[in-house]
>>> print(open('structure_38.cif').read())   # mmCIF, C-alpha atoms
data_target
#
loop_
_atom_site.label_atom_id
_atom_site.label_comp_id
_atom_site.auth_asym_id
_atom_site.auth_seq_id
_atom_site.Cartn_x
_atom_site.Cartn_y
_atom_site.Cartn_z
CA MET A 6 4.36 -12.07 16.64
CA ARG A 7 4.43 -9.78 13.74
CA LEU A 8 1.35 -9.40 11.77
CA LEU A 9 2.01 -10.64 8.46
CA SER A 10 3.21 -9.07 5.45
CA ALA A 11 1.01 -8.23 2.61
CA SER A 12 -1.68 -10.59 2.88
CA LEU A 13 -2.81 -12.73 0.09
CA ALA A 14 -6.44 -12.61 0.87
CA VAL A 15 -6.24 -8.97 1.69
CA SER A 16 -4.37 -8.39 -1.54
CA ALA A 17 -6.96 -10.28 -3.50
CA THR A 18 -9.76 -8.40 -1.91
CA LEU A 19 -8.00 -5.19 -2.45
CA LEU A 20 -7.98 -5.34 -6.27
CA ILE A 21 -9.72 -4.60 -5.01
CA CYS A 22 -10.46 -3.26 -1.76
CA PRO A 23 -9.43 -0.36 0.26
CA ARG A 24 -11.09 -0.60 3.64
CA THR A 25 -9.43 2.38 5.11
CA ALA A 26 -8.94 1.24 8.67
CA LEU A 27 -8.01 -2.35 7.98
CA PRO A 28 -4.37 -3.28 8.50
CA HIS A 29 -2.82 -4.00 5.14
CA HIS A 30 -0.59 -6.68 6.53
CA SER A 31 -2.27 -9.98 6.80
CA PHE A 32 -4.54 -10.04 9.74
CA ALA A 33 -6.95 -12.92 9.28
CA PRO A 34 -4.68 -15.82 10.32
CA VAL A 35 -4.11 -14.31 13.75
CA TYR A 36 -7.07 -12.11 14.68
CA ASP A 37 -10.83 -12.53 14.59
CA ASP A 38 -12.32 -9.43 13.01
CA GLN A 39 -15.84 -10.52 13.99
CA LYS A 40 -15.12 -10.09 17.69
CA THR A 41 -13.85 -7.30 19.90
CA ILE A 42 -12.66 -7.43 23.47
CA THR A 43 -11.57 -4.80 25.98
CA VAL A 44 -8.72 -5.09 28.46
CA SER A 45 -7.43 -2.59 31.01
CA GLY A 46 -3.98 -2.50 32.51
CA VAL A 47 -0.67 -0.74 32.96
CA VAL A 48 1.66 -0.17 30.02
CA THR A 49 5.11 -1.67 30.46
CA GLN A 50 6.51 -0.78 27.01
CA PHE A 51 5.50 0.85 23.72
CA ARG A 52 7.63 0.10 20.66
CA PHE A 53 7.08 2.51 17.75
CA VAL A 54 8.47 0.29 15.00
CA ASN A 55 7.84 -1.26 11.59
CA PRO A 56 6.17 -3.29 10.36
CA HIS A 57 3.88 -2.98 13.38
CA ALA A 58 4.03 -0.97 16.56
CA MET A 59 3.65 -3.05 19.72
CA MET A 60 2.59 -2.33 23.25
CA TYR A 61 3.05 -4.56 26.28
CA MET A 62 0.88 -4.25 29.35
CA ASN A 63 0.16 -5.91 32.67
CA VAL A 64 -3.47 -6.79 33.26
CA THR A 65 -4.55 -7.58 36.82
CA ASP A 66 -7.66 -9.70 37.36
CA ALA A 67 -10.08 -9.66 40.31
CA SER A 68 -7.96 -12.12 42.26
CA GLY A 69 -4.87 -9.97 41.86
CA LYS A 70 -3.22 -12.21 39.29
CA VAL A 71 -1.17 -10.28 36.74
CA THR A 72 -1.14 -11.36 33.10
CA LYS A 73 1.08 -9.92 30.38
CA TRP A 74 -0.80 -8.79 27.28
CA ILE A 75 0.47 -7.74 23.87
CA VAL A 76 -1.28 -5.07 21.81
CA GLU A 77 -0.47 -4.91 18.13
CA PHE A 78 -0.94 -1.74 16.06
CA ALA A 79 -0.48 -0.65 12.48
CA GLY A 80 3.04 0.26 11.40
CA ARG A 81 5.00 3.28 12.52
CA LEU A 82 4.32 5.19 9.31
CA ASN A 83 0.59 4.62 9.46
CA LEU A 84 0.47 5.91 13.01
CA SER A 85 2.81 8.84 12.44
CA ASN A 86 0.52 9.97 9.62
CA VAL A 87 -2.04 10.78 12.30
CA GLY A 88 0.39 12.35 14.71
CA TRP A 89 1.59 9.44 16.79
CA THR A 90 5.17 9.42 18.09
CA GLU A 91 7.30 7.20 20.30
CA GLN A 92 5.92 9.23 23.19
CA SER A 93 2.26 8.69 22.38
CA ILE A 94 2.02 5.92 24.97
CA LYS A 95 4.27 5.83 27.99
CA ALA A 96 5.27 3.04 30.36
CA GLY A 97 3.33 3.26 33.61
CA GLU A 98 0.17 4.64 31.99
CA ASN A 99 -3.19 3.10 32.86
CA VAL A 100 -5.00 2.35 29.63
CA THR A 101 -8.06 0.55 28.37
CA VAL A 102 -7.68 -1.09 24.97
CA THR A 103 -10.43 -2.37 22.70
CA GLY A 104 -9.59 -4.53 19.73
CA ASN A 105 -9.80 -7.85 17.95
CA PRO A 106 -8.85 -10.96 19.93
CA THR A 107 -6.77 -13.80 18.51
CA HIS A 108 -8.43 -16.93 17.18
CA THR A 109 -6.84 -18.90 19.99
CA GLY A 110 -7.92 -16.57 22.77
CA SER A 111 -4.35 -15.82 23.78
CA GLU A 112 -3.36 -12.64 25.63
CA ARG A 113 -3.02 -10.58 22.54
CA ILE A 114 -5.21 -8.01 20.85
CA TYR A 115 -5.23 -5.96 17.64
CA PHE A 116 -5.75 -2.30 18.46
CA LYS A 117 -8.95 -0.51 17.54
CA LYS A 118 -9.21 2.03 20.34
CA LEU A 119 -7.17 3.07 23.38
CA VAL A 120 -8.50 5.20 26.24
CA ARG A 121 -6.10 6.78 28.71
CA ALA A 122 -6.80 7.37 32.37
CA ASP A 123 -7.59 11.03 31.64
CA GLY A 124 -10.20 10.00 29.09
CA THR A 125 -8.25 10.93 25.96
CA VAL A 126 -8.68 8.49 23.12
CA LEU A 127 -6.27 7.16 20.51
CA LEU A 128 -7.74 5.75 17.32
CA PRO A 129 -6.18 3.94 14.35
CA ALA A 130 -4.88 5.76 11.34
CA GLY A 131 -7.55 5.90 8.69
CA SER A 132 -10.52 6.60 10.90
CA GLN A 133 -10.06 10.35 10.34
CA ASP A 134 -9.84 9.84 6.59
CA LEU A 135 -13.32 8.41 6.50
CA ASP A 136 -14.72 11.78 7.57
CA ALA A 137 -12.97 13.47 4.65
CA LEU A 138 -14.28 10.84 2.24
CA GLU A 139 -17.83 11.19 3.50
CA GLN A 140 -17.58 14.94 3.15
CA GLU A 141 -16.41 14.58 -0.45
CA ARG A 142 -19.34 12.30 -1.11
CA ARG A 143 -21.83 14.74 0.39
CA GLN A 144 -20.42 17.47 -1.84
CA ARG A 145 -20.82 15.26 -4.89
CA ALA A 146 -24.39 14.45 -3.91
CA GLN A 147 -25.12 18.13 -3.41
CA GLN A 148 -23.73 19.00 -6.84
CA ARG A 149 -25.71 16.17 -8.39
CA ASN A 150 -28.93 17.31 -6.73
CA GLN A 151 -28.34 20.89 -7.80
CA SER A 152 -27.66 19.98 -11.41
CA GLN A 153 -30.57 17.57 -11.79
CA PRO A 154 -33.45 20.11 -11.79
CA ALA A 155 -31.64 22.21 -14.40
CA THR A 156 -31.14 19.18 -16.61
CA GLN A 157 -34.76 18.17 -16.24
CA GLN A 158 -35.81 21.74 -17.06
CA GLN A 159 -33.78 21.66 -20.25
CA LYS A 160 -35.43 18.42 -21.33
CA LYS A 161 -38.86 19.99 -20.97
CA MET B 1431 47.28 28.17 -26.07
CA LYS B 1432 44.71 28.21 -28.84
CA LYS B 1433 44.31 24.47 -28.48
CA LEU B 1434 43.74 24.80 -24.75
CA SER B 1435 41.09 27.50 -25.29
CA ARG B 1436 39.32 25.24 -27.76
CA ILE B 1437 39.29 22.36 -25.27
CA VAL B 1438 37.96 24.60 -22.50
CA LEU B 1439 35.29 25.88 -24.87
CA LEU B 1440 34.29 22.38 -25.85
CA LEU B 1441 34.14 21.22 -22.24
CA THR B 1442 32.09 24.25 -21.24
CA GLY B 1443 29.70 23.59 -24.10
CA ALA B 1444 29.34 19.95 -23.18
CA MET B 1445 28.73 20.80 -19.54
CA SER B 1446 26.06 23.35 -20.34
CA LEU B 1447 24.40 20.84 -22.64
CA CYS B 1448 24.34 18.32 -19.77
CA ALA B 1449 23.00 20.91 -17.36
CA SER B 1450 20.35 21.92 -19.84
CA ALA B 1451 19.34 18.30 -20.43
CA GLN B 1452 19.09 17.71 -16.69
CA ALA B 1453 17.07 20.87 -16.19
CA GLN B 1454 14.63 19.71 -18.85
CA SER B 1455 14.44 16.11 -17.64
CA PRO B 1456 11.06 15.26 -16.15
CA ILE B 1457 12.86 13.38 -13.36
CA LYS B 1458 12.90 16.59 -11.32
CA LYS B 1459 9.15 16.35 -11.04
CA PHE B 1460 9.33 12.77 -9.78
CA GLN B 1461 12.29 12.93 -7.42
CA GLY B 1462 11.56 12.90 -3.72
CA MET B 1463 9.23 11.20 -1.30
CA TRP B 1464 5.84 9.85 -2.25
CA SER B 1465 3.59 8.22 0.29
CA ASP B 1466 -0.05 7.56 1.11
CA PRO B 1467 -2.41 9.29 -1.31
CA PRO B 1468 -4.58 12.24 -0.26
CA ALA B 1469 -7.74 11.40 1.67
CA THR B 1470 -10.05 11.44 -1.33
CA ILE B 1471 -12.46 8.77 -2.52
CA LEU B 1472 -10.22 7.91 -5.46
CA GLY B 1473 -6.99 8.22 -3.49
CA ARG B 1474 -8.08 5.85 -0.78
CA PHE B 1475 -9.54 3.41 -3.30
CA CYS B 1476 -6.18 3.20 -5.05
CA ALA B 1477 -3.94 3.39 -1.97
CA SER B 1478 -2.99 -0.22 -2.54
CA GLN B 1479 -4.28 -1.31 -5.91
CA CYS B 1480 -7.29 -0.60 -8.07
CA THR B 1481 -8.49 -1.04 -11.62
CA ASP B 1482 -10.30 1.22 -14.07
CA VAL B 1483 -13.26 -1.15 -13.84
CA GLY B 1484 -13.32 -0.71 -10.07
CA ILE B 1485 -12.96 3.09 -10.29
CA GLU B 1486 -15.79 3.33 -12.80
CA ARG B 1487 -17.99 1.17 -10.60
CA LEU B 1488 -17.14 3.19 -7.51
CA ASN B 1489 -18.03 6.46 -9.23
CA ALA B 1490 -21.35 5.00 -10.39
CA LEU B 1491 -22.15 3.84 -6.87
CA VAL B 1492 -21.19 7.16 -5.30
CA ASP B 1493 -23.26 9.10 -7.81
CA ASP B 1494 -26.34 6.91 -7.40
CA PRO B 1495 -28.79 8.62 -4.99
CA ALA B 1496 -29.93 5.18 -3.84
CA ASN B 1497 -26.56 4.80 -2.08
CA ASP B 1498 -26.52 8.15 -0.30
CA SER B 1499 -27.20 6.58 3.08
CA ARG B 1500 -24.62 3.79 2.74
CA PRO B 1501 -21.15 4.36 4.22
CA ILE B 1502 -18.42 5.07 1.70
CA SER B 1503 -16.46 2.04 2.94
CA ALA B 1504 -19.35 -0.21 1.85
CA LEU B 1505 -19.35 1.33 -1.62
CA GLN B 1506 -15.58 0.85 -1.87
CA THR B 1507 -15.97 -2.78 -0.92
CA ASP B 1508 -18.75 -3.27 -3.48
CA ALA B 1509 -16.67 -1.66 -6.21
CA ALA B 1510 -13.65 -3.74 -5.33
CA ASN B 1511 -15.67 -6.95 -5.36
CA TYR B 1512 -17.13 -5.96 -8.72
CA SER B 1513 -13.63 -5.44 -10.09
CA THR B 1514 -12.57 -8.81 -8.79
CA GLU B 1515 -15.49 -10.66 -10.33
CA LYS B 1516 -15.83 -8.80 -13.63
CA TYR B 1517 -12.23 -7.91 -14.38
CA LEU B 1518 -9.76 -10.01 -12.43
CA ARG B 1519 -11.28 -13.45 -12.17
CA PRO B 1520 -12.01 -13.85 -15.91
CA ARG B 1521 -8.34 -13.14 -16.59
CA LEU B 1522 -7.00 -15.89 -14.36
CA THR B 1523 -5.85 -19.13 -15.93
CA ASP B 1524 -6.99 -22.52 -14.67
CA ALA B 1525 -3.58 -23.00 -13.09
CA ALA B 1526 -3.91 -19.77 -11.14
CA LEU B 1527 -7.49 -20.47 -10.15
CA LYS B 1528 -6.56 -23.79 -8.54
CA ASN B 1529 -5.44 -22.08 -5.34
CA TYR B 1530 -7.29 -18.82 -5.67
CA PRO B 1531 -7.37 -16.91 -3.44
CA LEU B 1532 -4.24 -18.05 -1.64
CA ASP B 1533 -4.45 -18.45 2.10
CA PRO B 1534 -2.79 -15.50 3.89
CA ALA B 1535 -1.44 -18.01 6.38
CA ASP B 1536 0.73 -19.40 3.56
CA ASP B 1537 2.28 -16.04 2.82
CA PRO B 1538 6.07 -16.30 3.25
CA SER B 1539 6.14 -12.64 4.25
CA PHE B 1540 3.98 -13.64 7.19
CA LEU B 1541 5.42 -17.05 7.90
CA ARG B 1542 9.09 -16.21 7.48
CA CYS B 1543 9.31 -12.42 7.28
CA GLU B 1544 10.40 -12.64 3.63
CA PRO B 1545 10.16 -9.32 1.79
CA TYR B 1546 7.62 -9.04 -1.00
CA GLY B 1547 8.51 -10.03 -4.51
CA PHE B 1548 8.44 -7.48 -7.32
CA ALA B 1549 4.73 -7.73 -8.14
CA ARG B 1550 3.63 -6.88 -4.62
CA GLN B 1551 6.44 -4.47 -3.89
CA ILE B 1552 5.70 -2.04 -6.73
CA ILE B 1553 2.20 -1.42 -5.38
CA SER B 1554 3.10 -1.66 -1.71
CA ARG B 1555 1.51 0.93 0.50
CA HIS B 1556 3.14 3.99 1.97
CA GLN B 1557 6.47 5.32 0.88
CA LEU B 1558 8.27 5.34 -2.42
CA GLU B 1559 11.34 7.56 -2.61
CA ILE B 1560 12.59 8.22 -6.15
CA ARG B 1561 16.15 9.45 -6.73
CA GLN B 1562 18.35 9.78 -9.79
CA VAL B 1563 21.57 8.32 -8.40
CA ALA B 1564 23.60 8.49 -11.64
CA ASN B 1565 23.04 9.71 -15.18
CA ASP B 1566 22.05 6.22 -16.26
CA ARG B 1567 19.91 5.06 -13.35
CA LEU B 1568 17.18 5.79 -10.85
CA ASP B 1569 16.78 4.33 -7.38
CA PHE B 1570 13.30 3.41 -6.18
CA HIS B 1571 13.30 3.02 -2.39
CA TYR B 1572 10.17 1.44 -0.95
CA GLY B 1573 9.32 2.01 2.72
CA GLU B 1574 7.61 -1.34 2.96
CA TRP B 1575 10.42 -3.81 3.64
CA ASP B 1576 12.99 -1.03 3.07
CA ILE B 1577 13.69 -2.33 -0.43
CA HIS B 1578 15.80 -0.61 -3.12
CA ARG B 1579 15.33 -1.14 -6.83
CA THR B 1580 17.50 0.12 -9.69
CA ILE B 1581 15.98 1.34 -12.94
CA TYR B 1582 18.48 1.69 -15.77
CA LEU B 1583 17.91 4.57 -18.15
CA ASP B 1584 20.55 3.74 -20.76
CA GLY B 1585 18.52 1.19 -22.68
CA ARG B 1586 20.69 -1.75 -21.69
CA LYS B 1587 19.39 -5.25 -22.24
CA ARG B 1588 19.04 -7.84 -19.55
CA PRO B 1589 21.87 -10.38 -20.02
CA ALA B 1590 20.45 -13.54 -21.56
CA ASP B 1591 22.01 -15.75 -18.90
CA ALA B 1592 21.02 -13.58 -15.95
CA PRO B 1593 19.03 -15.50 -13.34
CA SER B 1594 15.62 -14.30 -12.27
CA THR B 1595 15.66 -12.27 -9.08
CA MET B 1596 13.21 -11.07 -6.48
CA MET B 1597 13.00 -7.54 -7.90
CA GLY B 1598 13.83 -8.38 -11.51
CA PHE B 1599 15.63 -6.24 -14.07
CA SER B 1600 14.19 -2.83 -14.91
CA VAL B 1601 14.90 -0.50 -17.80
CA GLY B 1602 13.16 2.86 -18.05
CA HIS B 1603 12.70 5.69 -20.51
CA TRP B 1604 10.69 8.86 -20.77
CA GLU B 1605 7.69 9.30 -23.01
CA GLY B 1606 7.08 13.00 -22.63
CA GLU B 1607 6.54 13.41 -18.90
CA THR B 1608 5.66 9.77 -18.31
CA LEU B 1609 8.27 7.44 -16.89
CA VAL B 1610 7.92 4.06 -18.57
CA ILE B 1611 9.68 1.05 -17.03
CA GLU B 1612 9.84 -2.45 -18.43
CA ALA B 1613 10.60 -5.15 -15.90
CA SER B 1614 11.44 -8.79 -16.52
CA GLY B 1615 13.67 -11.46 -15.02
CA ILE B 1616 11.39 -11.64 -12.01
CA ARG B 1617 11.39 -14.76 -9.87
CA ALA B 1618 8.11 -16.64 -9.46
CA ASN B 1619 6.35 -15.39 -6.36
CA ILE B 1620 3.04 -14.31 -4.92
CA ALA B 1621 1.01 -11.95 -7.08
CA PRO B 1622 -0.98 -9.10 -5.59
CA TRP B 1623 -4.14 -10.45 -7.17
CA GLY B 1624 -4.22 -13.44 -4.84
CA THR B 1625 -2.49 -16.14 -6.88
CA LEU B 1626 1.05 -17.15 -7.64
CA HIS B 1627 2.78 -15.80 -10.74
CA SER B 1628 5.51 -17.43 -12.77
CA ASP B 1629 8.98 -16.22 -13.76
CA GLN B 1630 7.55 -15.40 -17.17
CA ILE B 1631 5.90 -12.33 -15.74
CA HIS B 1632 6.55 -9.14 -17.67
CA VAL B 1633 5.47 -5.76 -16.40
CA VAL B 1634 5.28 -2.36 -18.08
CA GLU B 1635 4.91 0.42 -15.53
CA ARG B 1636 3.82 3.92 -16.48
CA TYR B 1637 4.30 6.63 -13.85
CA THR B 1638 2.61 10.00 -14.26
CA ARG B 1639 2.50 12.98 -11.96
CA SER B 1640 -0.67 15.02 -11.60
CA THR B 1641 -0.49 18.57 -12.97
CA ASP B 1642 -0.72 20.01 -9.46
CA GLY B 1643 2.19 17.81 -8.37
CA LYS B 1644 0.27 16.31 -5.48
CA THR B 1645 -0.08 12.74 -6.70
CA LEU B 1646 1.87 10.11 -8.59
CA THR B 1647 -0.05 7.38 -10.40
CA LEU B 1648 1.28 4.03 -11.50
CA SER B 1649 -0.52 2.10 -14.19
CA ALA B 1650 1.07 -1.35 -14.46
CA THR B 1651 0.29 -3.65 -17.36
CA ILE B 1652 1.11 -7.17 -16.29
CA GLU B 1653 1.49 -10.21 -18.49
CA ASP B 1654 2.15 -13.72 -17.25
CA PRO B 1655 1.09 -16.61 -19.48
CA TRP B 1656 1.06 -19.00 -16.53
CA SER B 1657 -1.40 -17.05 -14.32
CA LEU B 1658 -3.13 -14.60 -16.68
CA ARG B 1659 -5.16 -15.26 -19.83
CA GLN B 1660 -4.76 -11.66 -20.91
CA PRO B 1661 -2.91 -8.61 -19.59
CA LEU B 1662 -4.02 -7.19 -16.28
CA VAL B 1663 -3.80 -3.45 -15.63
CA ILE B 1664 -3.62 -2.35 -12.03
CA LYS B 1665 -3.11 1.11 -10.60
CA HIS B 1666 -1.68 2.65 -7.48
CA ILE B 1667 -1.69 6.26 -6.30
CA TRP B 1668 0.84 7.98 -4.03
CA GLY B 1669 0.70 11.45 -2.51
CA TRP B 1670 3.60 13.95 -2.45
CA ARG B 1671 5.09 13.90 1.08
CA PRO B 1672 8.49 15.60 1.14
CA ASP B 1673 8.23 15.81 4.95
CA GLN B 1674 8.54 12.05 5.39
CA THR B 1675 11.55 9.79 5.72
CA ILE B 1676 11.75 6.03 5.54
CA ALA B 1677 12.15 4.48 8.97
CA ALA B 1678 13.85 1.19 9.75
CA TYR B 1679 11.88 -1.89 8.86
CA ASP B 1680 13.61 -4.34 11.11
CA GLN B 1681 11.19 -5.58 13.73
CA CYS B 1682 9.41 -8.31 11.82
CA GLU B 1683 8.54 -11.25 14.04
CA ILE B 1684 7.88 -14.81 12.95
CA PRO B 1685 4.33 -15.68 14.03
CA LYS B 1686 3.93 -18.04 16.94
CA GLU B 1687 0.21 -18.60 16.53
CA PHE B 1688 -2.08 -18.44 13.52
CA LYS B 1689 -4.97 -20.21 11.90
CA LYS B 1690 -5.09 -21.55 8.38
CA ARG B 1691 -8.23 -20.78 6.42
CA GLY B 1692 -11.03 -23.25 6.94
CA THR B 1693 -9.32 -24.92 9.89
CA ASN B 1694 -9.20 -24.50 13.63
CA GLN B 1695 -5.44 -24.28 13.73
#
>>> encode(input="structure_38.cif", output="structure tokens")
Amino acid sequence: MRLLSASLAVSATLLICPRTALPHHSFAPVYDDQKTITVSGVVTQFRFVNPHAMMYMNVTDASGKVTKWIVEFAGRLNLSNVGWTEQSIKAGENVTVTGNPTHTGSERIYFKKLVRADGTVLLPAGSQDLDALEQERRQRAQQRNQSQPATQQQKK
Amino acid sequence: MKKLSRIVLLLTGAMSLCASAQAQSPIKKFQGMWSDPPATILGRFCASQCTDVGIERLNALVDDPANDSRPISALQTDAANYSTEKYLRPRLTDAALKNYPLDPADDPSFLRCEPYGFARQIISRHQLEIRQVANDRLDFHYGEWDIHRTIYLDGRKRPADAPSTMMGFSVGHWEGETLVIEASGIRANIAPWGTLHSDQIHVVERYTRSTDGKTLTLSATIEDPWSLRQPLVIKHIWGWRPDQTIAAYDQCEIPKEFKKRGTNQ
């Protein structure tokens, strides 16, 4: 299932509201952003497409039963902005994915973090931006703190 | 022979005039690929849509020492909510407020993979490629939904009997280095402010490029007597990304499972 196009609620909140890591396509009708789950399995396919990239994986439970899971990502452009390509995830890889489950509890998850067998981690686009934004804010705070004593001195 | 020389001279003169006009046209500064804005507090706040009220609030929050320990995302959310309550909501008509905010599960883009209408498309995230495709028109190519839009530059009027369309009818002109586009003839659809809008919607877009060439800002003044009591001004910022291309947008899937707001199904 494709995750919705430009959400209404998201649009309304966006006038609004730029939560950097939130998918801009409507998310709420399908996924529960108050919960996260983690599943591990073997990738069968990664599709680097718009509007949302998709990954398919086989998850084996303790009894040996295999279940097919779908992992939904942001769109191709979003991901390519942070260096992802069609080769970022390969069929046959063992991965552990953490993300938001669906409201119905189906075998589907919205990507928040992926850990490969070698320990390398893939994160959503936007998470790196937050560091830059926090740095800008610290600089502004520093400038503000430096200018305040001078201003107070002038008033005296 | 003399006559021929005169014609050649005239043609040469006309051509150099055209070349000179093109060289001076501000379009050169706009042409190319724009995409997500730079990772700055303002850029990310306006990556989709923002208002001056929201920007002012965000700056006040960021510059208040009491907020130094709060994450920037929380301040952005506060500023956005402030904009919604103080700026947007008072502008909505009773008709628009009846279903405000619309349920995302009712979004036809979600339910049926229908591309956005004009009002959402012009502030859609990611790519906007601007090209002058003829002397009298520009092409705006949006990455989201892979949608093209023509902007006429020859001052033509929208035919009186023309039906409303998804992307409307757009006529642009230059005011100094600002590209001004007037759009009308837009079919009723979902508005980006969380309500429906009518086919009476009229939008004046003003595009300006930053002096360093790194960003493009849209300030859109929107009027719609059905959904808005007074004009609404929303902004969007893009970043200059000549390295990008627009990829296919052809893998939209109709949802098989979703939950409507306030229900269990």
>>> resolve_selection(input="structure_38.cif", expression="the PyMOL selection byres ((chain A and resi 97-103) around 7)", output="ChimeraX atom specification")
/A:41-49,95-96,104,116-122
>>> resolve_selection(input="structure_38.cif", expression="the PyMOL selection byres ((chain A and resi 57-62) around 7)", output="list in words")
Arg7, Gly46, Val47, Val48, Thr49, Gln50, Phe51, Arg52, Phe53, Val54, Asn55, Pro56, Asn63, Val64, Lys73, Trp74, Ile75, Val76, Glu77, Phe78, Ala79, Gly80 and Arg81 of chain A
>>> residues_around(input="structure_38.cif", residues="Val1483 in chain B", least_positions_apart="3", cutoff="10 Å", atoms="all atoms listed in the file", output="VMD selection string")
chain B and resid 1480 1486 to 1488 1509 to 1510 1512 to 1514 1516 to 1518 1663 to 1664
>>> resolve_selection(input="structure_38.cif", expression="the PyMOL selection byres ((chain B and resi 1457-1466) around 6)", output="ChimeraX atom specification")
/B:1455-1456,1467,1556-1561,1668-1672
>>> residues_near_point(input="structure_38.cif", point="(-1.1, 10.3, 15.9)", cutoff="12 Å", atoms="only C-alpha atoms", output="number ranges by chain")
A: 53, 79-94, 126-133
>>> residues_around(input="structure_38.cif", residues="range 1616-1620 of chain B", least_positions_apart="5", cutoff="9 Å", atoms="only C-alpha atoms", output="list in words")
Leu13 of chain A; Leu1532, Asp1537, Pro1538, Tyr1546, Gly1547, Phe1548, Ala1549, Arg1550, Pro1593, Ser1594, Thr1595, Met1596, Met1597, Gly1598, Phe1599, Thr1625, Leu1626, His1627, Ser1628, Asp1629, Gln1630, Ile1631 and His1632 of chain B
>>> closest_residue(input="structure_38.cif", among="A:Asn105, A:Ser31, A:Thr125, A:Gln140", to="chain B", atoms="all atoms listed in the file")
A:Ser31
>>> closest_residue(input="structure_38.cif", among="B:Lys1686, B:Leu1472, B:Asn1497, B:Thr1693", to="chain A", atoms="all atoms listed in the file")
B:Lys1686
